[in-house]
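Quick look at upload-v5.cif (mmCIF, C-alpha atoms):
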```
data_model
loop_
_atom_site.label_atom_id
_atom_site.label_comp_id
_atom_site.auth_asym_id
_atom_site.auth_seq_id
_atom_site.Cartn_x
_atom_site.Cartn_y
_atom_site.Cartn_z
CA MET F 289 92.40 92.91 50.07
CA ALA F 290 91.34 90.99 46.96
CA ILE F 291 92.10 87.61 48.51
CA TYR F 292 89.72 88.25 51.39
CA ASP F 293 87.10 89.73 49.04
CA GLY F 294 87.17 86.43 47.17
CA ILE F 295 86.91 84.40 50.36
CA PHE F 296 83.79 86.29 51.49
CA LYS F 297 82.24 85.85 48.01
CA THR F 298 83.04 82.11 48.00
CA LEU F 299 81.39 81.72 51.40
CA GLY F 300 78.28 83.47 50.09
CA LEU F 301 78.59 86.38 52.51
CA SER F 302 78.52 89.17 49.95
CA ASP F 303 75.08 90.41 51.00
CA TRP F 304 76.07 90.37 54.69
CA CYS F 305 79.26 92.24 53.91
CA ALA F 306 77.41 94.80 51.84
CA THR F 307 75.86 96.25 55.00
CA GLU F 308 76.57 99.95 55.18
CA ASP F 309 79.41 100.77 57.59
CA THR F 310 78.30 103.27 60.22
CA GLY F 311 80.96 102.33 62.75
CA GLY F 312 82.12 105.60 64.22
CA PRO F 313 84.82 108.07 63.24
CA MET F 314 87.58 107.25 60.81
CA THR F 315 91.06 106.45 62.02
CA MET F 316 93.99 108.68 61.18
CA ALA F 317 95.27 106.07 58.72
CA GLU F 318 91.89 106.04 56.95
CA LEU F 319 91.80 109.83 56.78
CA LEU F 320 95.31 109.92 55.28
CA ALA F 321 94.40 107.20 52.79
CA GLN F 322 91.26 109.10 51.83
CA ALA F 323 93.25 112.30 51.34
CA ASN F 324 95.89 110.53 49.23
CA ASN F 325 93.19 108.95 47.07
CA GLY F 326 91.53 112.31 46.46
CA GLY F 327 88.38 111.58 48.39
CA GLY F 328 88.48 107.78 48.03
CA ASP F 329 88.76 106.24 44.55
CA ALA F 330 87.18 102.81 44.82
CA ASP F 331 88.52 101.60 41.45
CA GLY F 332 92.05 102.68 42.39
CA ALA F 333 91.74 100.93 45.72
CA GLU F 334 90.64 97.70 44.03
CA ALA F 335 93.52 97.94 41.59
CA VAL F 336 95.99 98.32 44.42
CA ALA F 337 94.36 95.42 46.27
CA GLU F 338 94.54 93.15 43.20
CA ALA F 339 98.15 94.14 42.62
CA THR F 340 99.22 93.13 46.12
CA PRO F 341 101.62 90.14 45.86
CA LEU F 342 100.44 86.93 47.49
CA LEU F 343 103.49 86.77 49.77
CA GLU F 344 102.66 90.24 51.12
CA THR F 345 99.10 89.34 52.04
CA PRO F 346 98.48 90.73 55.54
CA PHE F 347 97.27 88.65 58.46
CA PRO F 348 93.43 88.48 58.55
CA SER F 349 93.07 90.81 61.52
CA LEU F 350 89.85 92.63 62.31
CA ASP F 351 90.90 95.84 60.55
CA VAL F 352 92.08 93.97 57.44
CA LEU F 353 88.88 91.90 57.22
CA HIS F 354 86.80 95.03 57.78
CA LYS F 355 88.21 96.53 54.58
CA SER F 356 86.81 93.58 52.65
CA CYS F 357 83.63 93.18 54.68
CA GLY F 358 82.07 96.19 56.36
CA SER F 359 80.10 93.99 58.75
CA VAL F 360 83.25 92.70 60.43
CA PRO F 361 83.94 94.84 63.50
CA ARG F 362 87.17 96.80 63.72
CA THR F 363 89.72 96.64 66.50
CA ARG F 364 88.54 99.96 67.90
CA ASP F 365 84.98 98.57 67.98
CA MET F 366 86.23 95.78 70.24
CA THR F 367 88.11 98.17 72.54
CA SER F 368 85.07 100.46 72.66
CA ALA F 369 82.90 97.51 73.65
CA VAL F 370 85.29 96.64 76.49
CA GLU F 371 85.20 100.23 77.70
CA GLU F 372 81.41 100.41 77.54
CA ALA F 373 81.09 97.10 79.41
CA PHE F 374 83.32 98.42 82.20
CA LEU F 375 81.44 101.72 82.39
CA ASN F 376 78.12 99.85 82.59
CA VAL F 377 79.20 97.92 85.70
CA LYS F 378 81.22 100.77 87.21
CA ASP F 379 78.42 102.20 89.34
CA GLY F 380 77.51 98.80 90.74
CA MET F 381 81.15 98.09 91.55
CA LYS F 382 81.51 101.43 93.32
CA VAL F 383 78.53 100.66 95.56
CA VAL F 384 80.26 97.45 96.68
CA LEU F 385 83.90 98.57 96.69
CA ASP F 386 83.55 102.00 98.30
CA PRO F 387 82.58 100.78 101.80
CA LEU F 388 84.99 97.84 101.60
CA THR F 389 87.99 99.98 100.70
CA GLN F 390 87.21 103.03 102.81
CA PRO F 391 89.20 101.70 105.83
CA LEU F 392 92.26 101.64 103.58
CA SER F 393 91.83 105.37 102.91
CA TRP F 394 91.44 106.08 106.61
CA LEU F 395 94.54 104.10 107.54
CA LEU F 396 96.65 105.64 104.78
CA ASP F 397 95.60 109.16 105.75
CA ALA F 398 96.08 108.48 109.48
CA SER F 399 99.49 106.91 108.94
CA LEU F 400 100.61 109.76 106.73
CA ALA F 401 99.45 112.34 109.27
CA GLY F 402 101.03 110.44 112.16
CA PHE F 403 104.41 109.98 110.49
CA GLN F 404 104.55 113.62 109.42
CA ALA F 405 103.38 114.94 112.80
CA THR F 406 106.12 113.06 114.66
CA PRO F 407 109.22 115.28 114.99
CA TRP F 408 112.41 114.03 113.34
CA PHE F 409 114.22 113.78 116.68
CA ILE F 410 111.59 111.24 117.80
CA MET F 411 110.96 109.44 114.50
CA ILE F 412 114.59 108.69 113.65
CA PRO F 413 115.39 107.18 117.10
CA LEU F 414 112.18 105.11 116.86
CA LEU F 415 113.25 103.78 113.47
CA MET F 416 116.69 103.01 114.93
CA LEU F 417 115.16 101.06 117.82
CA LEU F 418 112.83 99.15 115.51
CA THR F 419 115.72 98.32 113.18
CA TYR F 420 117.92 97.04 115.97
CA TYR F 421 115.09 95.05 117.53
CA ALA F 422 114.36 93.34 114.18
CA SER F 423 117.93 92.81 112.96
CA ARG F 424 120.23 92.87 116.02
CA SER F 425 122.83 94.17 113.57
CA TRP F 426 124.96 97.24 114.24
CA SER F 427 125.86 97.58 110.56
CA VAL F 428 122.20 97.67 109.51
CA LEU F 429 121.49 100.14 112.32
CA ALA F 430 124.30 102.38 111.08
CA LEU F 431 122.96 102.17 107.51
CA VAL F 432 119.43 103.16 108.57
CA THR F 433 120.66 106.01 110.78
CA GLY F 434 123.06 107.39 108.18
CA SER F 435 120.48 107.13 105.39
CA PHE F 436 117.78 109.07 107.23
CA LEU F 437 120.24 111.69 108.49
CA PHE F 438 121.49 112.15 104.93
CA MET F 439 117.95 112.50 103.52
CA ALA F 440 117.10 114.98 106.30
CA PHE F 441 120.27 116.96 105.54
CA ILE F 442 119.27 117.40 101.86
CA ASP F 443 115.61 118.20 102.75
CA HIS F 444 114.22 114.90 101.46
CA TYR F 445 113.26 113.58 104.89
CA ASN F 446 109.57 114.54 104.68
CA TYR F 447 109.19 112.90 101.27
CA ALA F 448 110.95 109.75 102.52
CA ILE F 449 108.71 109.59 105.58
CA GLN F 450 105.61 109.91 103.37
CA THR F 451 106.84 107.03 101.21
CA LEU F 452 107.64 104.97 104.31
CA SER F 453 104.18 105.54 105.80
CA ILE F 454 102.48 104.30 102.60
CA ILE F 455 104.71 101.21 102.47
CA PHE F 456 103.98 100.56 106.16
CA VAL F 457 100.19 100.50 105.67
CA CYS F 458 100.21 98.63 102.35
CA THR F 459 102.60 95.98 103.68
CA ILE F 460 100.33 95.37 106.67
CA PHE F 461 97.36 94.90 104.32
CA CYS F 462 99.38 92.60 102.05
CA VAL F 463 100.45 90.41 104.97
CA ALA F 464 96.98 90.39 106.55
CA LEU F 465 95.39 89.32 103.26
CA GLY F 466 98.21 87.38 101.64
CA VAL F 467 99.21 84.99 104.44
CA PRO F 468 95.66 83.58 104.92
CA ILE F 469 95.26 83.21 101.15
CA GLY F 470 98.61 81.42 100.95
CA ILE F 471 97.61 79.11 103.82
CA ALA F 472 94.30 78.32 102.11
CA MET F 473 96.16 77.59 98.85
CA SER F 474 98.50 75.21 100.66
CA LYS F 475 95.53 73.29 102.06
CA SER F 476 93.61 72.97 98.78
CA ASN F 477 95.02 71.97 95.40
CA THR F 478 91.81 73.18 93.76
CA MET F 479 92.20 76.64 95.22
CA GLN F 480 95.85 76.69 94.18
CA ARG F 481 94.91 75.88 90.57
CA ILE F 482 92.31 78.67 90.61
CA THR F 483 94.52 81.26 92.31
CA ILE F 484 97.80 80.77 90.42
CA PRO F 485 96.51 82.17 87.07
CA ILE F 486 95.21 85.25 88.93
CA LEU F 487 98.58 85.71 90.63
CA ASP F 488 100.36 85.26 87.30
CA MET F 489 98.20 87.99 85.79
CA LEU F 490 98.82 90.36 88.71
CA GLN F 491 102.56 89.71 88.56
CA THR F 492 102.92 90.25 84.80
CA LEU F 493 100.43 93.09 84.29
CA PRO F 494 102.32 96.33 83.53
CA THR F 495 102.38 98.65 86.52
CA PHE F 496 100.63 101.50 84.74
CA VAL F 497 97.72 99.24 83.78
CA TYR F 498 96.81 98.81 87.48
CA LEU F 499 95.91 102.49 87.59
CA ILE F 500 93.57 102.58 84.56
CA PRO F 501 90.41 100.91 85.98
CA LEU F 502 91.00 102.40 89.44
CA ILE F 503 90.96 105.94 88.03
CA PHE F 504 87.44 105.28 86.73
CA LEU F 505 86.29 103.73 90.01
CA PHE F 506 87.71 106.17 92.56
CA SER F 507 88.50 109.84 92.79
CA VAL F 508 92.13 110.85 92.32
CA THR F 509 91.90 112.66 95.65
CA GLU F 510 91.16 109.40 97.51
CA SER F 511 94.11 107.63 99.11
CA LYS F 512 92.64 104.21 98.40
CA LEU F 513 93.16 104.76 94.67
CA TYR F 514 96.92 104.33 94.93
CA GLY F 515 96.62 102.07 98.00
CA ILE F 516 94.66 99.42 96.09
CA ALA F 517 97.09 99.59 93.16
CA ILE F 518 100.06 99.06 95.48
CA ILE F 519 98.39 96.16 97.32
CA LEU F 520 97.36 94.36 94.12
CA TYR F 521 100.87 94.71 92.74
CA ALA F 522 102.77 93.79 95.91
CA ILE F 523 100.63 91.03 97.45
CA VAL F 524 101.71 88.29 95.05
CA PRO F 525 105.09 87.29 96.63
CA VAL F 526 103.74 86.85 100.14
CA ILE F 527 100.89 84.65 98.85
CA ARG F 528 103.18 82.48 96.72
CA LEU F 529 105.90 82.04 99.34
CA THR F 530 103.42 81.34 102.15
CA ASP F 531 101.89 78.59 100.03
CA LEU F 532 105.33 77.26 99.11
CA GLY F 533 106.66 77.40 102.69
CA ILE F 534 103.78 75.42 104.17
CA ARG F 535 103.88 72.84 101.37
CA LEU F 536 107.63 72.34 101.98
CA VAL F 537 107.16 71.41 105.64
CA ASP F 538 108.57 67.90 106.12
CA LYS F 539 105.85 65.24 105.98
CA ASP F 540 107.55 63.34 108.82
CA VAL F 541 107.06 66.38 111.07
CA ILE F 542 103.36 66.46 110.17
CA GLU F 543 103.07 62.74 110.92
CA ALA F 544 104.74 63.30 114.28
CA ALA F 545 102.26 66.09 115.04
CA ASP F 546 99.41 63.73 114.13
CA ALA F 547 100.89 61.09 116.43
CA PHE F 548 100.80 63.61 119.31
CA GLY F 549 97.09 64.14 118.63
CA MET F 550 97.31 67.72 117.33
CA ASN F 551 94.26 69.05 115.52
CA SER F 552 94.52 71.04 112.26
CA TRP F 553 94.69 74.45 113.98
CA GLN F 554 97.41 73.28 116.40
CA LYS F 555 99.46 71.81 113.54
CA LEU F 556 99.13 75.02 111.56
CA THR F 557 100.06 77.45 114.35
CA GLY F 558 102.50 75.25 116.24
CA VAL F 559 104.29 73.41 113.46
CA GLN F 560 103.65 74.55 109.89
CA ILE F 561 103.75 78.35 110.25
CA PRO F 562 106.89 78.35 112.46
CA LEU F 563 108.71 76.06 110.00
CA ALA F 564 107.46 78.06 107.01
CA LEU F 565 108.36 81.40 108.61
CA PRO F 566 111.63 81.85 106.65
CA ASN F 567 109.72 81.56 103.37
CA ILE F 568 106.95 83.84 104.64
CA MET F 569 109.53 86.44 105.70
CA ALA F 570 111.16 86.21 102.27
CA GLY F 571 107.75 86.91 100.75
CA ILE F 572 107.27 89.91 103.03
CA ASN F 573 110.69 91.20 101.97
CA GLN F 574 109.70 91.02 98.30
CA THR F 575 106.33 92.59 99.06
CA ILE F 576 108.05 95.57 100.68
CA MET F 577 110.32 96.00 97.66
CA MET F 578 107.41 95.81 95.22
CA SER F 579 105.39 98.26 97.34
CA LEU F 580 108.23 100.74 97.10
CA ALA F 581 108.43 100.30 93.33
CA MET F 582 104.69 100.87 92.94
CA VAL F 583 104.68 103.93 95.25
CA VAL F 584 106.83 105.73 92.67
CA ILE F 585 104.41 104.85 89.84
CA ALA F 586 101.44 105.78 92.02
CA SER F 587 102.72 109.36 92.25
CA LEU F 588 100.96 109.80 88.90
CA VAL F 589 97.66 109.53 90.78
CA SER F 590 98.46 111.83 93.71
CA ALA F 591 100.45 109.41 95.91
CA PRO F 592 102.79 111.55 98.04
CA GLY F 593 106.44 110.81 98.70
CA LEU F 594 109.69 110.59 96.78
CA GLY F 595 107.84 109.61 93.60
CA VAL F 596 106.46 113.16 93.43
CA LEU F 597 110.00 114.50 93.11
CA VAL F 598 110.84 111.96 90.41
CA LEU F 599 107.71 112.99 88.50
CA ARG F 600 108.63 116.66 88.91
CA GLY F 601 112.09 115.98 87.54
CA ILE F 602 110.56 114.30 84.48
CA ASN F 603 107.88 116.92 83.84
CA ASN F 604 110.15 119.93 84.31
CA LEU F 605 113.32 118.31 82.91
CA GLU F 606 115.07 118.94 86.23
CA LEU F 607 117.89 116.44 86.00
CA GLY F 608 119.25 117.05 89.50
CA VAL F 609 115.87 116.72 91.19
CA GLY F 610 115.14 113.45 89.40
CA LEU F 611 118.55 111.90 90.07
CA VAL F 612 118.78 112.89 93.74
CA SER F 613 115.24 111.74 94.52
CA GLY F 614 115.90 108.52 92.59
CA PHE F 615 119.02 107.96 94.70
CA CYS F 616 116.95 108.48 97.86
CA ILE F 617 114.49 105.84 96.65
CA VAL F 618 117.37 103.44 96.09
CA LEU F 619 118.67 104.27 99.56
CA LEU F 620 115.25 103.58 101.08
CA ALA F 621 115.00 100.30 99.18
CA VAL F 622 118.45 99.20 100.35
CA LEU F 623 117.81 99.93 104.02
CA LEU F 624 114.41 98.20 103.94
CA ASP F 625 115.92 95.21 102.15
CA ARG F 626 118.87 94.94 104.55
CA SER F 627 116.65 95.28 107.61
CA THR F 628 114.20 92.58 106.53
CA LYS F 629 116.99 90.25 105.38
CA ALA F 630 118.77 90.67 108.72
CA ALA F 631 115.50 89.79 110.49
CA LEU F 632 115.12 86.79 108.16
CA GLY F 633 118.68 85.71 108.99
CA ARG F 634 117.85 85.78 112.71
CA ILE F 635 114.76 83.63 112.08
CA ASN F 636 116.79 81.11 110.07
CA ALA F 637 119.46 80.98 112.78
CA SER F 638 116.84 80.38 115.48
CA GLU F 639 115.26 77.61 113.39
CA LYS F 640 118.61 75.87 113.07
#
```
With the file now loaded, output its structure as structure tokens.
Amino acid sequence: MAIYDGIFKTLGLSDWCATEDTGGPMTMAELLAQANNGGGDADGAEAVAEATPLLETPFPSLDVLHKSCGSVPRTRDMTSAVEEAFLNVKDGMKVVLDPLTQPLSWLLDASLAGFQATPWFIMIPLLMLLTYYASRSWSVLALVTGSFLFMAFIDHYNYAIQTLSIIFVCTIFCVALGVPIGIAMSKSNTMQRITIPILDMLQTLPTFVYLIPLIFLFSVTESKLYGIAIILYAIVPVIRLTDLGIRLVDKDVIEAADAFGMNSWQKLTGVQIPLALPNIMAGINQTIMMSLAMVVIASLVSAPGLGVLVLRGINNLELGVGLVSGFCIVLLAVLLDRSTKAALGRINASEK
């Protein structure tokens, strides 16, 4: 653009800008422009640039400035630099992360094998007992029983069990990691200020983006690839609500605990966590829902379960397969949500 050419000349950067551009392959837009100009007519390009109305002057982005000054890097130079920086540290990260995350692979594989090896006539009654123990609700028990019998009747039981086993392991990891982090945040304002931007990023990052760096770090055949993605995506609610629940504990109750001579550990385990339990359970409920949502996305990187059927329906344009498996996912989400909310209702009633 002529306006930016003039700016670089005014700043005395003409010699710097005259550096020959050797910055990689041309973009498709540049190739088309070159073809339309018959091999690149510089005079014609300058005429077009000078004829550009002032009100239509483009924003001085990297690509626009690069046209006026070859030394200015292009957008794809920046993205290439980010990629190269990640690839340079990838091997070092793998050395550290592989042993740390290997237990996750073992637990995911063991859970998947255990759930699938258990016969349906044992697994379904076990799920019924667990549901009734947690909720004490006959309506929730009927919902869980009917849902699994329906999915078994239409041959989606194995896929549902695979999805359930992944959610089971990832939720345990989220609670085991998230509750202590939330407690630490509630005890330190500095840690809260540091952690909240990270949680905001994890909560707003598009789900597919979680998979991109993990694909470079781990093999697609490793269970921890999708396990880490699910945990990073689903751990945020339990951290936030644990922090919130403990901070909302009445100060008068804390003062009473101090008056009784309780130390910090006794106050935490005997007063704060029990009073914050409704909020913590609400966080666990949201973590389970987000785990289920991410399990479907993680089918793109070999995660088993109902997401595989959804992906098959998309790839093969099988409308029925996609809709039925999607309905089963909704059914699984509803029964998990109702079960955890019923358990939360019991906790709230006991607190009152």
* If we count only C-alpha atoms, what is near Gly470 of chain F at a cut-off of 6 Å, once residues fewer than 5 positions away on the same chain are taken out, given as JSON, numbers by chain? -> {"F": [527, 530, 531]}
* To do: Measuring atom to atom with only C-alpha atoms, identify which of F:Leu429, F:Leu385, F:Ile585, F:Leu597 is nearest to Val497 of chain F.
  => F:Ile585
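The residue that comes closest to Leu487 of chain F, out of F:Ala306, F:Ile503, F:Leu520, F:Val463 and on the basis of only C-alpha atoms, is F:Leu520.
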* To do: Any chance you could resolve the PyMOL selection byres ((chain F and resi 459) around 10) against this file and give the residues as a PyMOL selection string?
  => chain F and resi 453-458+460-466+518-519+522-523+526+572-573+575-580
For the residues in the current selection, export C-alpha atoms as a PDB file, keeping the file's coordinate frame.
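See part.pdb below for the written result:
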```pdb
ATOM      1  CA  SER F 453     104.180 105.540 105.800  1.00  0.00           C
ATOM      2  CA  ILE F 454     102.480 104.300 102.600  1.00  0.00           C
ATOM      3  CA  ILE F 455     104.710 101.210 102.470  1.00  0.00           C
ATOM      4  CA  PHE F 456     103.980 100.560 106.160  1.00  0.00           C
ATOM      5  CA  VAL F 457     100.190 100.500 105.670  1.00  0.00           C
ATOM      6  CA  CYS F 458     100.210  98.630 102.350  1.00  0.00           C
ATOM      7  CA  ILE F 460     100.330  95.370 106.670  1.00  0.00           C
ATOM      8  CA  PHE F 461      97.360  94.900 104.320  1.00  0.00           C
ATOM      9  CA  CYS F 462      99.380  92.600 102.050  1.00  0.00           C
ATOM     10  CA  VAL F 463     100.450  90.410 104.970  1.00  0.00           C
ATOM     11  CA  ALA F 464      96.980  90.390 106.550  1.00  0.00           C
ATOM     12  CA  LEU F 465      95.390  89.320 103.260  1.00  0.00           C
ATOM     13  CA  GLY F 466      98.210  87.380 101.640  1.00  0.00           C
ATOM     14  CA  ILE F 518     100.060  99.060  95.480  1.00  0.00           C
ATOM     15  CA  ILE F 519      98.390  96.160  97.320  1.00  0.00           C
ATOM     16  CA  ALA F 522     102.770  93.790  95.910  1.00  0.00           C
ATOM     17  CA  ILE F 523     100.630  91.030  97.450  1.00  0.00           C
ATOM     18  CA  VAL F 526     103.740  86.850 100.140  1.00  0.00           C
ATOM     19  CA  ILE F 572     107.270  89.910 103.030  1.00  0.00           C
ATOM     20  CA  ASN F 573     110.690  91.200 101.970  1.00  0.00           C
ATOM     21  CA  THR F 575     106.330  92.590  99.060  1.00  0.00           C
ATOM     22  CA  ILE F 576     108.050  95.570 100.680  1.00  0.00           C
ATOM     23  CA  MET F 577     110.320  96.000  97.660  1.00  0.00           C
ATOM     24  CA  MET F 578     107.410  95.810  95.220  1.00  0.00           C
ATOM     25  CA  SER F 579     105.390  98.260  97.340  1.00  0.00           C
ATOM     26  CA  LEU F 580     108.230 100.740  97.100  1.00  0.00           C
TER      27      LEU F 580
END
```
Do you have, as a tab-separated table, the list of residues of segment 432-484 of chain F lying at most 8 Å from segment 409-427 of chain F, each with its nearest atom pair and that distance in Å to one decimal, counting all atoms listed in the file and ordered by chain then number?
```
residue	atom	partner	partner_atom	distance
F:Val432	CA	F:Met416	CA	6.9
F:Thr433	CA	F:Met416	CA	6.5
F:Phe436	CA	F:Ile412	CA	7.2
```
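Closest to Asp488 of chain F among F:Tyr447, F:Tyr521, F:Trp553, F:Phe504 is F:Tyr521, based on all atoms listed in the file.
Residues in contact with Lys555 of chain F at 12 Å, where all atoms listed in the file are counted and same-chain residues fewer than 5 positions away are skipped, are listed as F:Ile534, F:Val537, F:Lys539, F:Val541, F:Ile542, F:Glu543, F:Ala544, F:Ala545, F:Asp546, F:Ala547, F:Phe548, F:Gly549, F:Met550, F:Gln560, F:Ile561, F:Pro562, F:Leu563.
Compared by their closest atoms to Ser587 of chain F, and using all atoms listed in the file, the residues F:Ser511, F:Ser356, F:Ser302, F:Thr363 rank with F:Ser511 nearest.
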* Separation of atom CA of Ala440 of chain F from atom CA of Asp625 of chain F in Å -> 20.2 Å
* Asked: Hey, what comes out of the PyMOL selection byres ((chain F and resi 599) around 9) on this file? Could you write it as a PyMOL selection string?
  -> chain F and resi 584-585+587-588+594-598+600-604+610
* **Hits from the PyMOL selection byres ((chain F and resi 357-360) around 8), listed as a ChimeraX atom specification** => /F:293,296,304-309,350,353-356,361-362
Expected file: the selected residues, C-alpha atoms, as a PDB file, keeping the file's coordinate frame:
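Resulting contents of again36.pdb:
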```pdb
ATOM      1  CA  ASP F 293      87.100  89.730  49.040  1.00  0.00           C
ATOM      2  CA  PHE F 296      83.790  86.290  51.490  1.00  0.00           C
ATOM      3  CA  TRP F 304      76.070  90.370  54.690  1.00  0.00           C
ATOM      4  CA  CYS F 305      79.260  92.240  53.910  1.00  0.00           C
ATOM      5  CA  ALA F 306      77.410  94.800  51.840  1.00  0.00           C
ATOM      6  CA  THR F 307      75.860  96.250  55.000  1.00  0.00           C
ATOM      7  CA  GLU F 308      76.570  99.950  55.180  1.00  0.00           C
ATOM      8  CA  ASP F 309      79.410 100.770  57.590  1.00  0.00           C
ATOM      9  CA  LEU F 350      89.850  92.630  62.310  1.00  0.00           C
ATOM     10  CA  LEU F 353      88.880  91.900  57.220  1.00  0.00           C
ATOM     11  CA  HIS F 354      86.800  95.030  57.780  1.00  0.00           C
ATOM     12  CA  LYS F 355      88.210  96.530  54.580  1.00  0.00           C
ATOM     13  CA  SER F 356      86.810  93.580  52.650  1.00  0.00           C
ATOM     14  CA  PRO F 361      83.940  94.840  63.500  1.00  0.00           C
ATOM     15  CA  ARG F 362      87.170  96.800  63.720  1.00  0.00           C
TER      16      ARG F 362
END
```
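Take atom CA of Ala621 of chain F and atom CA of Pro501 of chain F: the distance between them is 27.9 Å.
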* Identify, on the basis of all atoms listed in the file, every residue whose closest approach to Lys512 of chain F does not exceed 8 Å; exclude the query and any residue fewer than 5 positions from it along the same chain; express the result as a PyMOL selection string. => chain F and resi 389-390+392-393+396+506
